[in-house]
>>> print(open('input_3.pdb').read())   # PDB, C-alpha atoms and all ligand atoms
ATOM      1  CA  MET S   1     119.292 114.144  91.047
ATOM      2  CA  ALA S   2     115.654 114.056  92.116
ATOM      3  CA  PHE S   3     113.827 110.847  91.265
ATOM      4  CA  GLU S   4     110.943 111.122  88.823
ATOM      5  CA  LEU S   5     108.029 108.774  88.199
ATOM      6  CA  PRO S   6     108.144 107.716  84.519
ATOM      7  CA  VAL S   7     104.980 107.587  82.458
ATOM      8  CA  LEU S   8     103.823 104.012  81.890
ATOM      9  CA  PRO S   9     104.992 103.121  78.323
ATOM     10  CA  TYR S  10     101.553 101.684  77.374
ATOM     11  CA  ALA S  11      97.895 102.064  78.315
ATOM     12  CA  TYR S  12      96.822 100.757  81.722
ATOM     13  CA  ASP S  13      94.737  98.035  80.070
ATOM     14  CA  ALA S  14      97.415  97.052  77.510
ATOM     15  CA  LEU S  15      98.479  93.908  79.399
ATOM     16  CA  ASP S  16      94.963  92.686  80.102
ATOM     17  CA  PRO S  17      94.061  89.860  80.810
ATOM     18  CA  TYR S  18      97.546  88.910  82.059
ATOM     19  CA  MET S  19      97.979  92.021  84.208
ATOM     20  CA  SER S  20      94.906  94.150  84.812
ATOM     21  CA  ALA S  21      94.532  97.915  84.628
ATOM     22  CA  GLU S  22      93.698  97.845  88.347
ATOM     23  CA  THR S  23      97.042  96.183  89.144
ATOM     24  CA  LEU S  24      98.943  98.685  87.019
ATOM     25  CA  GLU S  25      97.100 101.625  88.553
ATOM     26  CA  PHE S  26      98.020 100.501  92.072
ATOM     27  CA  HIS S  27     101.499  99.270  91.174
ATOM     28  CA  HIS S  28     102.613 102.255  89.093
ATOM     29  CA  ASP S  29     100.554 105.135  90.506
ATOM     30  CA  LYS S  30     100.718 104.143  94.189
ATOM     31  CA  HIS S  31     103.646 101.792  94.853
ATOM     32  CA  HIS S  32     106.221 103.123  92.399
ATOM     33  CA  ASN S  33     105.107 106.676  93.109
ATOM     34  CA  ALA S  34     105.680 106.103  96.844
ATOM     35  CA  TYR S  35     109.266 104.935  96.171
ATOM     36  CA  VAL S  36     109.855 108.145  94.213
ATOM     37  CA  THR S  37     108.265 110.444  96.805
ATOM     38  CA  ASN S  38     109.876 108.763  99.829
ATOM     39  CA  GLY S  39     113.193 108.463  97.997
ATOM     40  CA  ASN S  40     113.224 112.188  97.256
ATOM     41  CA  ASP S  41     112.397 113.039 100.898
ATOM     42  CA  LEU S  42     115.290 110.857 102.081
ATOM     43  CA  LEU S  43     117.656 112.117  99.376
ATOM     44  CA  GLU S  44     117.332 115.636 100.759
ATOM     45  CA  GLY S  45     120.161 116.249 103.210
ATOM     46  CA  SER S  46     121.790 112.862 102.508
ATOM     47  CA  GLY S  47     124.798 114.396 100.761
ATOM     48  CA  LEU S  48     123.963 112.359  97.642
ATOM     49  CA  GLU S  49     121.615 114.890  96.024
ATOM     50  CA  GLY S  50     123.860 115.439  92.976
ATOM     51  CA  LYS S  51     124.438 111.746  92.260
ATOM     52  CA  SER S  52     122.831 109.566  89.598
ATOM     53  CA  LEU S  53     120.304 106.912  90.624
ATOM     54  CA  GLU S  54     122.874 104.117  90.175
ATOM     55  CA  GLU S  55     125.418 106.048  92.258
ATOM     56  CA  VAL S  56     122.876 106.592  95.047
ATOM     57  CA  ILE S  57     122.075 102.865  95.076
ATOM     58  CA  LYS S  58     125.719 101.802  95.198
ATOM     59  CA  ALA S  59     126.590 104.425  97.844
ATOM     60  CA  THR S  60     123.800 103.361 100.203
ATOM     61  CA  TYR S  61     123.885  99.562  99.825
ATOM     62  CA  GLY S  62     124.782  97.926 103.143
ATOM     63  CA  ASP S  63     124.762 101.255 105.036
ATOM     64  CA  ALA S  64     122.237 100.695 107.845
ATOM     65  CA  SER S  65     121.888 104.443 108.455
ATOM     66  CA  LYS S  66     120.746 104.901 104.843
ATOM     67  CA  ALA S  67     118.576 101.789 104.505
ATOM     68  CA  GLY S  68     115.441 103.811 103.745
ATOM     69  CA  LEU S  69     117.071 105.735 100.932
ATOM     70  CA  PHE S  70     118.618 102.545  99.570
ATOM     71  CA  ASN S  71     115.307 100.648  99.543
ATOM     72  CA  ASN S  72     113.404 103.416  97.783
ATOM     73  CA  ALA S  73     116.160 104.209  95.256
ATOM     74  CA  ALA S  74     116.698 100.539  94.386
ATOM     75  CA  GLN S  75     112.982  99.916  93.978
ATOM     76  CA  HIS S  76     112.754 103.022  91.789
ATOM     77  CA  PHE S  77     115.509 101.572  89.569
ATOM     78  CA  ASN S  78     113.867  98.132  89.460
ATOM     79  CA  HIS S  79     110.465  99.518  88.507
ATOM     80  CA  MET S  80     111.839 101.879  85.820
ATOM     81  CA  HIS S  81     113.007  98.713  84.059
ATOM     82  CA  PHE S  82     110.034  96.571  85.038
ATOM     83  CA  TRP S  83     107.518  98.683  83.032
ATOM     84  CA  ASN S  84     109.763  98.311  79.982
ATOM     85  CA  TRP S  85     110.254  94.595  80.489
ATOM     86  CA  MET S  86     106.572  94.185  79.576
ATOM     87  CA  LYS S  87     104.547  95.079  76.509
ATOM     88  CA  LYS S  88     101.208  94.344  74.875
ATOM     89  CA  ASP S  89     101.324  90.933  73.140
ATOM     90  CA  GLY S  90     104.664  90.182  74.764
ATOM     91  CA  GLY S  91     106.423  86.843  75.160
ATOM     92  CA  GLY S  92     107.142  84.702  72.139
ATOM     93  CA  ALA S  93     110.392  84.397  70.249
ATOM     94  CA  ILE S  94     113.629  85.631  71.793
ATOM     95  CA  PRO S  95     115.795  87.735  69.448
ATOM     96  CA  GLY S  96     118.527  85.630  67.786
ATOM     97  CA  GLU S  97     121.767  86.737  69.437
ATOM     98  CA  LEU S  98     120.245  86.694  72.899
ATOM     99  CA  GLU S  99     118.608  83.307  72.308
ATOM    100  CA  LYS S 100     121.950  81.886  71.152
ATOM    101  CA  LYS S 101     123.639  83.152  74.318
ATOM    102  CA  ILE S 102     120.853  81.754  76.530
ATOM    103  CA  ILE S 103     121.244  78.312  74.948
ATOM    104  CA  GLU S 104     125.040  78.512  75.275
ATOM    105  CA  ASP S 105     125.031  79.467  78.978
ATOM    106  CA  LEU S 106     121.793  77.982  80.308
ATOM    107  CA  GLY S 107     121.300  74.902  78.132
ATOM    108  CA  SER S 108     118.067  75.741  76.319
ATOM    109  CA  VAL S 109     115.256  78.288  76.293
ATOM    110  CA  ALA S 110     113.071  75.747  78.131
ATOM    111  CA  ALA S 111     115.733  75.273  80.825
ATOM    112  CA  PHE S 112     116.055  79.042  81.175
ATOM    113  CA  ARG S 113     112.258  79.413  81.461
ATOM    114  CA  ASP S 114     112.141  76.694  84.147
ATOM    115  CA  ALA S 115     114.984  78.290  86.109
ATOM    116  CA  PHE S 116     113.462  81.782  85.895
ATOM    117  CA  LEU S 117     110.014  80.583  87.025
ATOM    118  CA  LYS S 118     111.555  78.536  89.823
ATOM    119  CA  ALA S 119     113.655  81.472  91.054
ATOM    120  CA  GLY S 120     110.541  83.649  91.196
ATOM    121  CA  ALA S 121     108.402  81.024  92.888
ATOM    122  CA  THR S 122     111.031  80.192  95.522
ATOM    123  CA  GLN S 123     111.990  83.765  96.453
ATOM    124  CA  PHE S 124     110.732  83.683 100.045
ATOM    125  CA  GLY S 125     108.727  86.829 100.749
ATOM    126  CA  SER S 126     109.116  89.935  98.618
ATOM    127  CA  GLY S 127     111.752  90.282  95.941
ATOM    128  CA  TRP S 128     112.685  89.764  92.314
ATOM    129  CA  CYS S 129     113.927  87.030  89.996
ATOM    130  CA  TRP S 130     116.417  87.892  87.295
ATOM    131  CA  LEU S 131     118.300  87.035  84.154
ATOM    132  CA  VAL S 132     121.679  88.685  84.687
ATOM    133  CA  GLN S 133     124.970  88.950  82.853
ATOM    134  CA  ASN S 134     128.022  88.423  85.027
ATOM    135  CA  ALA S 135     131.212  90.450  84.714
ATOM    136  CA  ASP S 136     132.775  87.547  82.756
ATOM    137  CA  GLY S 137     129.913  87.754  80.240
ATOM    138  CA  LYS S 138     128.106  84.605  81.338
ATOM    139  CA  LEU S 139     124.325  84.667  81.793
ATOM    140  CA  GLU S 140     122.778  83.450  85.043
ATOM    141  CA  VAL S 141     119.317  83.216  86.640
ATOM    142  CA  THR S 142     119.187  84.670  90.166
ATOM    143  CA  LYS S 143     116.780  85.993  92.783
ATOM    144  CA  THR S 144     117.057  88.807  95.316
ATOM    145  CA  ALA S 145     115.114  89.904  98.400
ATOM    146  CA  ASN S 146     113.047  93.058  98.736
ATOM    147  CA  GLY S 147     114.573  95.948  96.767
ATOM    148  CA  GLU S 148     118.005  94.441  96.199
ATOM    149  CA  ASN S 149     119.123  94.059  92.628
ATOM    150  CA  PRO S 150     121.970  92.552  90.579
ATOM    151  CA  LEU S 151     123.962  95.820  90.464
ATOM    152  CA  PHE S 152     125.353  95.042  93.947
ATOM    153  CA  PHE S 153     126.726  91.733  92.797
ATOM    154  CA  ASP S 154     128.520  93.311  89.862
ATOM    155  CA  GLN S 155     125.927  91.859  87.504
ATOM    156  CA  THR S 156     123.962  93.571  84.751
ATOM    157  CA  PRO S 157     120.217  92.971  85.027
ATOM    158  CA  LEU S 158     118.831  91.965  81.599
ATOM    159  CA  LEU S 159     115.368  90.854  82.742
ATOM    160  CA  GLY S 160     113.608  90.981  86.087
ATOM    161  CA  CYS S 161     110.211  90.049  87.435
ATOM    162  CA  ASP S 162     108.675  91.707  90.479
ATOM    163  CA  VAL S 163     107.370  88.985  92.810
ATOM    164  CA  TRP S 164     106.174  91.315  95.574
ATOM    165  CA  GLU S 165     102.526  90.477  96.261
ATOM    166  CA  HIS S 166     101.443  93.941  95.038
ATOM    167  CA  SER S 167     102.521  92.826  91.547
ATOM    168  CA  TYR S 168     100.110  89.886  91.274
ATOM    169  CA  TYR S 169      97.658  89.597  94.164
ATOM    170  CA  ILE S 170      94.769  91.453  92.498
ATOM    171  CA  ASP S 171      94.933  89.223  89.394
ATOM    172  CA  TYR S 172      96.287  85.915  90.715
ATOM    173  CA  ARG S 173      95.707  86.024  94.500
ATOM    174  CA  ASN S 174      98.280  83.653  96.019
ATOM    175  CA  ALA S 175      99.085  81.849  92.738
ATOM    176  CA  ARG S 176     102.527  83.374  92.149
ATOM    177  CA  PRO S 177     103.606  80.558  89.761
ATOM    178  CA  LYS S 178     100.633  81.337  87.471
ATOM    179  CA  TYR S 179     101.642  85.000  87.397
ATOM    180  CA  LEU S 180     105.229  84.044  86.563
ATOM    181  CA  GLU S 181     104.067  81.816  83.707
ATOM    182  CA  ALA S 182     101.867  84.573  82.289
ATOM    183  CA  TYR S 183     104.732  87.049  82.662
ATOM    184  CA  PHE S 184     107.180  84.840  80.791
ATOM    185  CA  ASP S 185     104.800  83.610  78.078
ATOM    186  CA  ASN S 186     102.634  86.675  77.423
ATOM    187  CA  MET S 187     104.162  89.878  78.771
ATOM    188  CA  ILE S 188     107.938  90.016  78.315
ATOM    189  CA  ASN S 189     109.257  92.656  75.934
ATOM    190  CA  TRP S 190     112.199  90.682  74.516
ATOM    191  CA  GLU S 191     113.348  93.600  72.365
ATOM    192  CA  TYR S 192     114.084  95.570  75.539
ATOM    193  CA  VAL S 193     115.900  92.584  77.080
ATOM    194  CA  ALA S 194     117.959  92.230  73.888
ATOM    195  CA  GLU S 195     118.759  95.959  73.983
ATOM    196  CA  LEU S 196     120.125  95.661  77.546
ATOM    197  CA  PHE S 197     122.078  92.558  76.468
ATOM    198  CA  GLY S 198     123.538  94.521  73.550
ATOM    199  CA  ASN S 199     124.552  97.394  75.827
ATOM    200  CA  ALA S 200     126.233  95.039  78.296
ATOM    201  CA  ALA S 201     128.100  92.992  75.694
TER     202      ALA S 201
HETATM  203 MN   MN3 D 301     106.646  96.453  92.656
END
>>> encode(input="input_3.pdb", output="structure tokens")
Amino acid sequence: MAFELPVLPYAYDALDPYMSAETLEFHHDKHHNAYVTNGNDLLEGSGLEGKSLEEVIKATYGDASKAGLFNNAAQHFNHMHFWNWMKKDGGGAIPGELEKKIIEDLGSVAAFRDAFLKAGATQFGSGWCWLVQNADGKLEVTKTANGENPLFFDQTPLLGCDVWEHSYYIDYRNARPKYLEAYFDNMINWEYVAELFGNAA
């Protein structure tokens, strides 16, 4: 199935001042669009044209001859979620069931926040930090390099934050921890996280 660039689910300036319109224009219109365009070029003739995005990702992971297709498909998947993991006036209270589960598995919301920020700040180079649900149901905070994502580790991604420099350099320069704080406190769309949690449970 050909990859398609989704429309951003809010106005380009909706996340201002935490994430500027300029960042979203570059990140969505240039970076995500390039993953879609390059992914479609590489999909052609790969033998995986009829497969779903998730199937393409799983079929190409670890296959050196298909590394380009894997990277672009995985980043397409990550960004499709990333736009929905944010909203105008985000952050704030975590929906009840999800909050209960976070406290049960990770100790407290504050401990979860610390772990998530630390995972993002310590991901060396490009990558993502995550809140995932393991196959046994338990929540965990993780980080991955480049375009990799929790699907390969048999985990369901509930929340992710893009820590590639293109996600924060215009607004925060090298201050990745400040970007992560703003993401957690002011941008996260917890309703979407709770929806993914509900689907996985
Ligand atoms: Mn990105």
>>> residues_around(input="input_3.pdb", residues="Glu25 in chain S", least_positions_apart="5", cutoff="9 Å", atoms="all atoms listed in the file", output="count of residues only")
3
>>> closest_residue(input="input_3.pdb", among="S:Tyr18, S:Phe184, S:Phe26, S:Trp85", to="ligand MN3 301 (chain D)", atoms="all atoms listed in the file")
S:Phe26
>>> residues_near_ligand(input="input_3.pdb", ligand="ligand MN3 301 (chain D)", cutoff="8 Å", atoms="only C-alpha atoms and all ligand atoms", output="NGL selection string")
:S and (27-28 or 31-32 or 75 or 79 or 162-164 or 166-167)
>>> resolve_selection(input="input_3.pdb", expression="the PyMOL selection byres (((chain S and resi 194) around 12) and not hetatm)", output="JSON, numbers by chain")
{"S": [84, 85, 93, 94, 95, 96, 97, 98, 99, 100, 101, 102, 131, 132, 133, 157, 158, 159, 188, 189, 190, 191, 192, 193, 195, 196, 197, 198, 199, 200, 201]}
>>> closest_atom_pairs(input="input_3.pdb", of="range 89-147 of chain S", to="range 49-72 of chain S", cutoff="12 Å", atoms="all atoms listed in the file", output="CSV")
residue,atom,partner,partner_atom,distance
S:Gly127,CA,S:Asn71,CA,11.5
S:Ala145,CA,S:Asn71,CA,10.8
S:Asn146,CA,S:Asn71,CA,8.0
S:Gly147,CA,S:Asn71,CA,5.5
>>> atom_distance(input="input_3.pdb", atom1="CA of Leu139 in chain S", atom2="CA of Cys161 in chain S")
16.1 Å
>>> closest_residue(input="input_3.pdb", among="S:Ile103, S:Asn40, S:Ala14, S:Ala121", to="Ala175 in chain S", atoms="all atoms listed in the file")
S:Ala121
>>> resolve_selection(input="input_3.pdb", expression="the PyMOL selection byres (((chain S and resi 134) around 9) and not hetatm)", output="VMD selection string")
chain S and resid 132 to 133 135 to 140 153 to 156
>>> build_atoms(input="input_3.pdb", residues="range 101-121 of chain S", atoms="N, CA, C and O atoms", output="mmCIF file, keeping the file's coordinate frame")
data_model
loop_
_atom_site.group_PDB
_atom_site.id
_atom_site.type_symbol
_atom_site.label_atom_id
_atom_site.label_comp_id
_atom_site.auth_asym_id
_atom_site.auth_seq_id
_atom_site.Cartn_x
_atom_site.Cartn_y
_atom_site.Cartn_z
ATOM 1 N N LYS S 101 122.872 83.021 73.074
ATOM 2 C CA LYS S 101 123.639 83.152 74.318
ATOM 3 C C LYS S 101 122.947 82.412 75.467
ATOM 4 O O LYS S 101 123.608 81.788 76.312
ATOM 5 N N ILE S 102 121.621 82.464 75.500
ATOM 6 C CA ILE S 102 120.853 81.754 76.530
ATOM 7 C C ILE S 102 121.087 80.247 76.407
ATOM 8 O O ILE S 102 121.344 79.558 77.399
ATOM 9 N N ILE S 103 121.037 79.748 75.182
ATOM 10 C CA ILE S 103 121.244 78.312 74.948
ATOM 11 C C ILE S 103 122.666 77.908 75.337
ATOM 12 O O ILE S 103 122.899 76.888 75.980
ATOM 13 N N GLU S 104 123.619 78.767 74.980
ATOM 14 C CA GLU S 104 125.040 78.512 75.275
ATOM 15 C C GLU S 104 125.277 78.433 76.794
ATOM 16 O O GLU S 104 125.947 77.524 77.282
ATOM 17 N N ASP S 105 124.718 79.372 77.541
ATOM 18 C CA ASP S 105 125.031 79.467 78.978
ATOM 19 C C ASP S 105 124.047 78.717 79.873
ATOM 20 O O ASP S 105 124.412 78.303 80.976
ATOM 21 N N LEU S 106 122.809 78.556 79.421
ATOM 22 C CA LEU S 106 121.793 77.982 80.308
ATOM 23 C C LEU S 106 121.210 76.675 79.777
ATOM 24 O O LEU S 106 120.310 76.114 80.385
ATOM 25 N N GLY S 107 121.707 76.214 78.645
ATOM 26 C CA GLY S 107 121.300 74.902 78.132
ATOM 27 C C GLY S 107 120.269 74.964 77.037
ATOM 28 O O GLY S 107 120.475 74.436 75.955
ATOM 29 N N SER S 108 119.139 75.602 77.304
ATOM 30 C CA SER S 108 118.067 75.741 76.319
ATOM 31 C C SER S 108 117.111 76.830 76.794
ATOM 32 O O SER S 108 117.167 77.239 77.967
ATOM 33 N N VAL S 109 116.248 77.281 75.894
ATOM 34 C CA VAL S 109 115.256 78.288 76.293
ATOM 35 C C VAL S 109 114.321 77.687 77.337
ATOM 36 O O VAL S 109 113.946 78.353 78.306
ATOM 37 N N ALA S 110 113.961 76.405 77.166
ATOM 38 C CA ALA S 110 113.071 75.747 78.131
ATOM 39 C C ALA S 110 113.722 75.661 79.510
ATOM 40 O O ALA S 110 113.058 75.878 80.534
ATOM 41 N N ALA S 111 115.020 75.361 79.541
ATOM 42 C CA ALA S 111 115.733 75.273 80.825
ATOM 43 C C ALA S 111 115.816 76.647 81.479
ATOM 44 O O ALA S 111 115.678 76.791 82.702
ATOM 45 N N PHE S 112 116.022 77.676 80.661
ATOM 46 C CA PHE S 112 116.055 79.042 81.175
ATOM 47 C C PHE S 112 114.688 79.414 81.750
ATOM 48 O O PHE S 112 114.590 79.947 82.853
ATOM 49 N N ARG S 113 113.616 79.099 80.994
ATOM 50 C CA ARG S 113 112.258 79.413 81.461
ATOM 51 C C ARG S 113 111.994 78.728 82.801
ATOM 52 O O ARG S 113 111.498 79.348 83.741
ATOM 53 N N ASP S 114 112.337 77.445 82.896
ATOM 54 C CA ASP S 114 112.141 76.694 84.147
ATOM 55 C C ASP S 114 112.896 77.348 85.302
ATOM 56 O O ASP S 114 112.363 77.504 86.399
ATOM 57 N N ALA S 115 114.150 77.712 85.054
ATOM 58 C CA ALA S 115 114.984 78.290 86.109
ATOM 59 C C ALA S 115 114.444 79.649 86.560
ATOM 60 O O ALA S 115 114.414 79.962 87.755
ATOM 61 N N PHE S 116 113.982 80.445 85.588
ATOM 62 C CA PHE S 116 113.462 81.782 85.895
ATOM 63 C C PHE S 116 112.178 81.662 86.721
ATOM 64 O O PHE S 116 112.012 82.350 87.747
ATOM 65 N N LEU S 117 111.277 80.775 86.300
ATOM 66 C CA LEU S 117 110.014 80.583 87.025
ATOM 67 C C LEU S 117 110.276 80.043 88.431
ATOM 68 O O LEU S 117 109.621 80.445 89.394
ATOM 69 N N LYS S 118 111.237 79.132 88.522
ATOM 70 C CA LYS S 118 111.555 78.536 89.823
ATOM 71 C C LYS S 118 112.162 79.584 90.767
ATOM 72 O O LYS S 118 111.832 79.640 91.953
ATOM 73 N N ALA S 119 113.039 80.426 90.231
ATOM 74 C CA ALA S 119 113.655 81.472 91.054
ATOM 75 C C ALA S 119 112.579 82.409 91.601
ATOM 76 O O ALA S 119 112.597 82.789 92.771
ATOM 77 N N GLY S 120 111.611 82.751 90.763
ATOM 78 C CA GLY S 120 110.541 83.649 91.196
ATOM 79 C C GLY S 120 109.620 82.996 92.217
ATOM 80 O O GLY S 120 109.208 83.622 93.192
ATOM 81 N N ALA S 121 109.327 81.728 91.995
ATOM 82 C CA ALA S 121 108.402 81.024 92.888
ATOM 83 C C ALA S 121 109.036 80.742 94.242
ATOM 84 O O ALA S 121 108.346 80.679 95.253
#
